[in-house]
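This is coords_9.cif (mmCIF, C-alpha atoms).
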data_input
#
loop_
_atom_site.label_atom_id
_atom_site.label_comp_id
_atom_site.auth_asym_id
_atom_site.auth_seq_id
_atom_site.Cartn_x
_atom_site.Cartn_y
_atom_site.Cartn_z
CA MET L 1 94.52 99.88 84.74
CA ARG L 2 94.02 103.63 84.45
CA GLY L 3 97.64 104.50 83.73
CA PHE L 4 99.28 102.90 86.76
CA SER L 5 101.08 99.61 86.60
CA CYS L 6 101.69 96.92 89.17
CA SER L 7 105.03 96.49 87.45
CA SER L 8 108.69 96.82 88.29
CA ARG L 9 109.19 98.80 85.08
CA GLN L 10 107.24 101.68 86.64
CA LEU L 11 109.43 101.66 89.73
CA GLY L 12 112.93 102.08 88.29
CA ASN L 13 115.41 103.40 90.87
CA LYS L 14 112.89 105.71 92.52
CA ARG L 15 112.40 105.12 96.24
CA LEU L 16 108.72 105.40 97.11
CA SER L 17 107.85 107.16 100.34
CA TRP L 18 104.96 107.30 102.77
CA ALA L 19 104.43 109.44 105.87
CA ALA L 20 105.49 106.61 108.22
CA ALA L 21 108.54 105.51 106.22
CA VAL L 22 112.07 106.34 107.33
CA ALA L 23 115.11 107.20 105.20
CA ASP L 24 116.53 103.68 104.72
CA SER L 25 113.27 101.80 104.36
CA THR L 26 110.18 101.68 102.22
CA LEU L 27 106.64 100.39 102.57
CA LEU L 28 105.61 96.97 101.39
CA PHE L 29 101.93 96.13 100.84
CA VAL L 30 101.22 92.45 101.55
CA TYR L 31 97.90 90.79 100.74
CA GLY L 32 98.29 87.02 101.19
CA SER L 33 100.60 84.58 102.93
CA LEU L 34 102.97 87.33 104.18
CA LYS L 35 100.24 88.95 106.31
CA ARG L 36 100.36 88.66 110.11
CA GLY L 37 99.27 85.23 111.28
CA ARG L 38 99.69 83.66 107.84
CA ARG L 39 102.06 80.85 106.96
CA HIS L 40 104.87 82.90 105.39
CA HIS L 41 104.75 85.95 107.67
CA ALA L 42 108.14 84.98 109.19
CA GLU L 43 109.73 85.80 105.81
CA LEU L 44 109.27 89.48 106.71
CA GLY L 45 112.05 88.99 109.26
CA GLY L 46 110.79 91.35 111.94
CA ALA L 47 109.77 94.15 109.58
CA ARG L 48 107.76 96.82 111.39
CA PHE L 49 103.98 96.57 110.97
CA VAL L 50 102.64 99.98 109.91
CA GLY L 51 98.92 99.22 109.60
CA VAL L 52 96.13 97.83 107.51
CA ALA L 53 95.53 99.32 104.07
CA ARG L 54 93.53 98.97 100.88
CA THR L 55 94.55 99.64 97.32
CA LEU L 56 92.66 101.90 95.01
CA PRO L 57 90.11 99.88 92.98
CA GLU L 58 92.65 99.13 90.24
CA TYR L 59 93.70 95.58 91.12
CA ARG L 60 92.50 92.00 91.47
CA LEU L 61 93.73 88.80 93.05
CA LEU L 62 94.58 85.65 91.15
CA ASP L 63 93.92 82.28 92.78
CA LEU L 64 97.05 80.16 92.89
CA GLY L 65 95.58 77.57 95.24
CA GLU L 66 97.42 78.07 98.53
CA TYR L 67 98.18 81.74 97.95
CA PRO L 68 97.15 84.72 95.80
CA ALA L 69 98.88 86.97 93.29
CA LEU L 70 98.09 90.64 92.67
CA SER L 71 97.44 91.98 89.18
CA SER L 72 95.61 94.85 87.52
CA GLY L 73 91.84 94.84 87.70
CA CYS L 74 88.98 96.84 89.22
CA ARG L 75 88.89 95.88 92.92
CA SER L 76 90.21 97.53 96.06
CA ILE L 77 92.41 94.85 97.67
CA ALA L 78 92.78 94.59 101.45
CA GLY L 79 96.22 94.08 102.92
CA GLU L 80 98.83 95.21 105.41
CA LEU L 81 101.74 97.63 105.25
CA PHE L 82 105.20 96.85 106.58
CA GLU L 83 108.29 99.03 106.72
CA VAL L 84 111.07 97.03 105.07
CA THR L 85 114.75 97.57 104.27
CA GLU L 86 116.38 97.19 100.88
CA ALA L 87 118.24 94.12 102.20
CA LEU L 88 114.96 92.46 103.17
CA LEU L 89 113.48 93.26 99.75
CA VAL L 90 116.36 91.40 98.10
CA GLU L 91 115.63 88.37 100.31
CA LEU L 92 111.91 88.61 99.52
CA ASP L 93 112.68 88.79 95.79
CA ARG L 94 114.35 85.37 96.12
CA PHE L 95 111.51 84.00 98.25
CA GLU L 96 108.77 85.16 95.87
CA GLY L 97 110.50 83.59 92.86
CA ASP L 98 109.95 83.99 89.14
CA ASP L 99 106.14 84.32 89.14
CA TYR L 100 106.22 87.66 90.96
CA GLU L 101 107.85 91.00 90.35
CA ARG L 102 108.23 93.89 92.72
CA GLY L 103 106.14 96.84 91.65
CA ALA L 104 104.35 99.93 92.89
CA VAL L 105 100.68 99.98 93.92
CA ARG L 106 98.46 102.93 94.73
CA LEU L 107 96.68 102.92 98.07
CA GLU L 108 93.29 104.31 99.05
CA ASP L 109 94.86 107.07 101.16
CA GLY L 110 96.69 108.45 98.11
CA SER L 111 100.09 107.01 98.99
CA THR L 112 102.05 104.33 97.15
CA ALA L 113 103.82 101.21 98.36
CA LEU L 114 105.74 98.32 96.90
CA ALA L 115 104.01 94.97 96.39
CA TYR L 116 104.79 91.64 94.82
CA CYS L 117 102.70 91.45 91.65
CA ALA L 118 102.01 88.62 89.23
CA THR L 119 104.16 88.51 86.11
CA ALA L 120 102.41 88.70 82.74
CA GLU L 121 103.03 84.98 82.28
CA LEU L 122 101.28 84.19 85.57
CA VAL L 123 98.35 86.49 84.77
CA ALA L 124 97.85 84.62 81.49
CA ARG L 125 97.48 81.23 83.16
CA ALA L 126 96.00 81.82 86.65
CA PRO L 127 92.28 82.00 87.46
CA VAL L 128 90.86 85.17 89.00
CA PHE L 129 89.92 85.06 92.69
CA ASP L 130 86.38 86.40 93.25
CA GLY L 131 87.04 88.67 96.21
CA ASP L 132 89.18 91.45 97.63
CA VAL L 133 90.42 89.79 100.85
CA TRP L 134 92.57 86.65 100.86
#
Spell out the structure here as structure tokens.
Amino acid sequence: MRGFSCSSRQLGNKRLSWAAAVADSTLLFVYGSLKRGRRHHAELGGARFVGVARTLPEYRLLDLGEYPALSSGCRSIAGELFEVTEALLVELDRFEGDDYERGAVRLEDGSTALAYCATAELVARAPVFDGDVW
């Protein structure tokens, strides 16, 4: 994936920033059931909507039936950005479960955000979704 990983190993303890982020929050890129109007949006617990966004063309979606998973690929994925706190990220880690890991993704505007990405085990067993919008 051109040297950038959708992986928590790339993130470490570094807090990613974006022009709209404030000191005690970070941006989360959502692309499936956490988007506004979708079935799990309430899990964002009132996080502030920042805007719509697209990734660089370095990702793809996996089709898990009722919801997608993000992994490396060659598509620009459409999604939404939310300003989230560290406490909310901990809650979302539990919600997302073992098939996802929090990682960094690069956005079209040159910024970065966190996202929940498929684990290597999930990538190995899930079919690829043929599209860039879930």
Q | Nearest to Glu96 in chain L by atom-to-atom distance, counting all atoms listed in the file, from L:Ala47, L:Ala120, L:Ala113, L:Leu34 | A |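 Of the candidates, the smallest distance to Glu96 in chain L is held by L:Leu34.
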(Q) When the PyMOL selection byres ((chain L and resi 92) around 12) is applied to the structure above, which residues does it catch, written out as an MDAnalysis selection string? (A) chainID L and resid 28 30 34 40:45 47 84:91 93:98 100:102 114:116
Residues from the last selection, C-alpha atoms, saved as a compact mmCIF listing (two decimals), keeping the file's coordinate frame:
# COMPACT_ATOMS: atom_id res chain seq x y z
CA LEU L 28 105.61 96.97 101.39
CA VAL L 30 101.22 92.45 101.55
CA LEU L 34 102.97 87.33 104.18
CA HIS L 40 104.87 82.90 105.39
CA HIS L 41 104.75 85.95 107.67
CA ALA L 42 108.14 84.98 109.19
CA GLU L 43 109.73 85.80 105.81
CA LEU L 44 109.27 89.48 106.71
CA GLY L 45 112.05 88.99 109.26
CA ALA L 47 109.77 94.15 109.58
CA VAL L 84 111.07 97.03 105.07
CA THR L 85 114.75 97.57 104.27
CA GLU L 86 116.38 97.19 100.88
CA ALA L 87 118.24 94.12 102.20
CA LEU L 88 114.96 92.46 103.17
CA LEU L 89 113.48 93.26 99.75
CA VAL L 90 116.36 91.40 98.10
CA GLU L 91 115.63 88.37 100.31
CA ASP L 93 112.68 88.79 95.79
CA ARG L 94 114.35 85.37 96.12
CA PHE L 95 111.51 84.00 98.25
CA GLU L 96 108.77 85.16 95.87
CA GLY L 97 110.50 83.59 92.86
CA ASP L 98 109.95 83.99 89.14
CA TYR L 100 106.22 87.66 90.96
CA GLU L 101 107.85 91.00 90.35
CA ARG L 102 108.23 93.89 92.72
CA LEU L 114 105.74 98.32 96.90
CA ALA L 115 104.01 94.97 96.39
CA TYR L 116 104.79 91.64 94.82
Q.
Would you compute the distance between CA of Arg125 in chain L and CA of Tyr59 in chain L? Give it in Å to one decimal.
A.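 That distance, rounded to one decimal, is 16.8 Å.
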Q. Residues picked by the PyMOL selection byres ((chain L and resi 69) around 8) here, as a list in words?
A.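 Applying the PyMOL selection byres ((chain L and resi 69) around 8) to the structure shown produces Gly32, Leu61, Leu62, Asp63, Leu64, Tyr67, Pro68, Leu70, Ser71, Tyr100, Tyr116, Cys117 and Ala118 of chain L.
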Q) Using only C-alpha atoms, can you list as number ranges by chain the residues within 9 Å of (91.3, 86.0, 103.4)? A) L: 31-32, 78, 131-134
Q | Between CA of Arg48 in chain L and CA of Glu80 in chain L, distance in Å (one decimal) | A |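 Separating CA of Arg48 in chain L from CA of Glu80 in chain L is a distance of 10.9 Å.
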Would you mind writing range 35-71 of chain L with N, CA and C atoms, as a PDB file, keeping the file's coordinate frame?
ATOM      1  N   LYS L  35     100.953  88.186 105.288  1.00  0.00           N
ATOM      2  CA  LYS L  35     100.240  88.950 106.310  1.00  0.00           C
ATOM      3  C   LYS L  35     100.454  88.329 107.696  1.00  0.00           C
ATOM      4  N   ARG L  36     100.243  89.137 108.725  1.00  0.00           N
ATOM      5  CA  ARG L  36     100.360  88.660 110.110  1.00  0.00           C
ATOM      6  C   ARG L  36      99.463  87.449 110.325  1.00  0.00           C
ATOM      7  N   GLY L  37     100.024  86.437 110.985  1.00  0.00           N
ATOM      8  CA  GLY L  37      99.270  85.230 111.280  1.00  0.00           C
ATOM      9  C   GLY L  37      99.187  84.239 110.136  1.00  0.00           C
ATOM     10  N   ARG L  38      99.732  84.568 108.991  1.00  0.00           N
ATOM     11  CA  ARG L  38      99.690  83.660 107.840  1.00  0.00           C
ATOM     12  C   ARG L  38     100.976  82.851 107.754  1.00  0.00           C
ATOM     13  N   ARG L  39     100.981  81.845 106.929  1.00  0.00           N
ATOM     14  CA  ARG L  39     102.060  80.850 106.960  1.00  0.00           C
ATOM     15  C   ARG L  39     103.444  81.356 106.569  1.00  0.00           C
ATOM     16  N   HIS L  40     103.557  82.402 105.784  1.00  0.00           N
ATOM     17  CA  HIS L  40     104.870  82.900 105.390  1.00  0.00           C
ATOM     18  C   HIS L  40     105.232  84.251 106.016  1.00  0.00           C
ATOM     19  N   HIS L  41     104.482  84.658 107.043  1.00  0.00           N
ATOM     20  CA  HIS L  41     104.750  85.950 107.670  1.00  0.00           C
ATOM     21  C   HIS L  41     106.183  86.053 108.187  1.00  0.00           C
ATOM     22  N   ALA L  42     106.767  84.958 108.653  1.00  0.00           N
ATOM     23  CA  ALA L  42     108.140  84.980 109.190  1.00  0.00           C
ATOM     24  C   ALA L  42     109.151  85.444 108.147  1.00  0.00           C
ATOM     25  N   GLU L  43     108.827  85.344 106.865  1.00  0.00           N
ATOM     26  CA  GLU L  43     109.730  85.800 105.810  1.00  0.00           C
ATOM     27  C   GLU L  43     109.971  87.311 105.886  1.00  0.00           C
ATOM     28  N   LEU L  44     109.086  88.041 106.573  1.00  0.00           N
ATOM     29  CA  LEU L  44     109.270  89.480 106.710  1.00  0.00           C
ATOM     30  C   LEU L  44     110.351  89.824 107.734  1.00  0.00           C
ATOM     31  N   GLY L  45     110.870  88.821 108.418  1.00  0.00           N
ATOM     32  CA  GLY L  45     112.050  88.990 109.260  1.00  0.00           C
ATOM     33  C   GLY L  45     111.994  90.113 110.266  1.00  0.00           C
ATOM     34  N   GLY L  46     110.867  90.297 110.930  1.00  0.00           N
ATOM     35  CA  GLY L  46     110.790  91.350 111.940  1.00  0.00           C
ATOM     36  C   GLY L  46     110.511  92.732 111.388  1.00  0.00           C
ATOM     37  N   ALA L  47     110.121  92.838 110.140  1.00  0.00           N
ATOM     38  CA  ALA L  47     109.770  94.150 109.580  1.00  0.00           C
ATOM     39  C   ALA L  47     108.687  94.797 110.434  1.00  0.00           C
ATOM     40  N   ARG L  48     108.715  96.110 110.543  1.00  0.00           N
ATOM     41  CA  ARG L  48     107.760  96.820 111.390  1.00  0.00           C
ATOM     42  C   ARG L  48     106.391  96.920 110.720  1.00  0.00           C
ATOM     43  N   PHE L  49     105.361  96.450 111.435  1.00  0.00           N
ATOM     44  CA  PHE L  49     103.980  96.570 110.970  1.00  0.00           C
ATOM     45  C   PHE L  49     103.577  98.036 111.057  1.00  0.00           C
ATOM     46  N   VAL L  50     103.058  98.582 109.948  1.00  0.00           N
ATOM     47  CA  VAL L  50     102.640  99.980 109.910  1.00  0.00           C
ATOM     48  C   VAL L  50     101.130 100.093 110.086  1.00  0.00           C
ATOM     49  N   GLY L  51     100.370  99.188 109.466  1.00  0.00           N
ATOM     50  CA  GLY L  51      98.920  99.220 109.600  1.00  0.00           C
ATOM     51  C   GLY L  51      98.231  98.476 108.486  1.00  0.00           C
ATOM     52  N   VAL L  52      96.918  98.437 108.570  1.00  0.00           N
ATOM     53  CA  VAL L  52      96.130  97.830 107.510  1.00  0.00           C
ATOM     54  C   VAL L  52      95.925  98.873 106.417  1.00  0.00           C
ATOM     55  N   ALA L  53      95.684  98.405 105.206  1.00  0.00           N
ATOM     56  CA  ALA L  53      95.530  99.320 104.070  1.00  0.00           C
ATOM     57  C   ALA L  53      94.701  98.645 102.990  1.00  0.00           C
ATOM     58  N   ARG L  54      94.225  99.461 102.080  1.00  0.00           N
ATOM     59  CA  ARG L  54      93.530  98.970 100.880  1.00  0.00           C
ATOM     60  C   ARG L  54      94.115  99.701  99.683  1.00  0.00           C
ATOM     61  N   THR L  55      94.139  99.012  98.573  1.00  0.00           N
ATOM     62  CA  THR L  55      94.550  99.640  97.320  1.00  0.00           C
ATOM     63  C   THR L  55      93.397 100.457  96.766  1.00  0.00           C
ATOM     64  N   LEU L  56      93.720 101.310  95.818  1.00  0.00           N
ATOM     65  CA  LEU L  56      92.660 101.900  95.010  1.00  0.00           C
ATOM     66  C   LEU L  56      91.992 100.763  94.232  1.00  0.00           C
ATOM     67  N   PRO L  57      90.786 100.960  93.714  1.00  0.00           N
ATOM     68  CA  PRO L  57      90.110  99.880  92.980  1.00  0.00           C
ATOM     69  C   PRO L  57      90.671  99.706  91.565  1.00  0.00           C
ATOM     70  N   GLU L  58      91.938  99.298  91.514  1.00  0.00           N
ATOM     71  CA  GLU L  58      92.650  99.130  90.240  1.00  0.00           C
ATOM     72  C   GLU L  58      93.334  97.770  90.137  1.00  0.00           C
ATOM     73  N   TYR L  59      92.977  96.842  91.031  1.00  0.00           N
ATOM     74  CA  TYR L  59      93.700  95.580  91.120  1.00  0.00           C
ATOM     75  C   TYR L  59      92.727  94.413  91.255  1.00  0.00           C
ATOM     76  N   ARG L  60      93.255  93.222  91.207  1.00  0.00           N
ATOM     77  CA  ARG L  60      92.500  92.000  91.470  1.00  0.00           C
ATOM     78  C   ARG L  60      93.465  90.967  92.003  1.00  0.00           C
ATOM     79  N   LEU L  61      92.914  89.913  92.584  1.00  0.00           N
ATOM     80  CA  LEU L  61      93.730  88.800  93.050  1.00  0.00           C
ATOM     81  C   LEU L  61      93.544  87.619  92.120  1.00  0.00           C
ATOM     82  N   LEU L  62      94.618  86.911  91.888  1.00  0.00           N
ATOM     83  CA  LEU L  62      94.580  85.650  91.150  1.00  0.00           C
ATOM     84  C   LEU L  62      94.652  84.527  92.165  1.00  0.00           C
ATOM     85  N   ASP L  63      93.978  83.425  91.879  1.00  0.00           N
ATOM     86  CA  ASP L  63      93.920  82.280  92.780  1.00  0.00           C
ATOM     87  C   ASP L  63      94.942  81.238  92.366  1.00  0.00           C
ATOM     88  N   LEU L  64      96.004  81.131  93.174  1.00  0.00           N
ATOM     89  CA  LEU L  64      97.050  80.160  92.890  1.00  0.00           C
ATOM     90  C   LEU L  64      96.949  78.937  93.808  1.00  0.00           C
ATOM     91  N   GLY L  65      95.772  78.703  94.355  1.00  0.00           N
ATOM     92  CA  GLY L  65      95.580  77.570  95.240  1.00  0.00           C
ATOM     93  C   GLY L  65      95.840  77.950  96.689  1.00  0.00           C
ATOM     94  N   GLU L  66      97.071  77.794  97.131  1.00  0.00           N
ATOM     95  CA  GLU L  66      97.420  78.070  98.530  1.00  0.00           C
ATOM     96  C   GLU L  66      97.722  79.541  98.794  1.00  0.00           C
ATOM     97  N   TYR L  67      97.838  80.335  97.764  1.00  0.00           N
ATOM     98  CA  TYR L  67      98.180  81.740  97.950  1.00  0.00           C
ATOM     99  C   TYR L  67      97.719  82.538  96.736  1.00  0.00           C
ATOM    100  N   PRO L  68      97.614  83.874  96.898  1.00  0.00           N
ATOM    101  CA  PRO L  68      97.150  84.720  95.800  1.00  0.00           C
ATOM    102  C   PRO L  68      98.301  85.410  95.071  1.00  0.00           C
ATOM    103  N   ALA L  69      97.955  86.075  93.993  1.00  0.00           N
ATOM    104  CA  ALA L  69      98.880  86.970  93.290  1.00  0.00           C
ATOM    105  C   ALA L  69      98.083  88.216  92.904  1.00  0.00           C
ATOM    106  N   LEU L  70      98.719  89.356  92.970  1.00  0.00           N
ATOM    107  CA  LEU L  70      98.090  90.640  92.670  1.00  0.00           C
ATOM    108  C   LEU L  70      98.333  91.009  91.209  1.00  0.00           C
ATOM    109  N   SER L  71      97.288  91.478  90.548  1.00  0.00           N
ATOM    110  CA  SER L  71      97.440  91.980  89.180  1.00  0.00           C
ATOM    111  C   SER L  71      96.469  93.131  88.972  1.00  0.00           C
TER     112      SER L  71
END
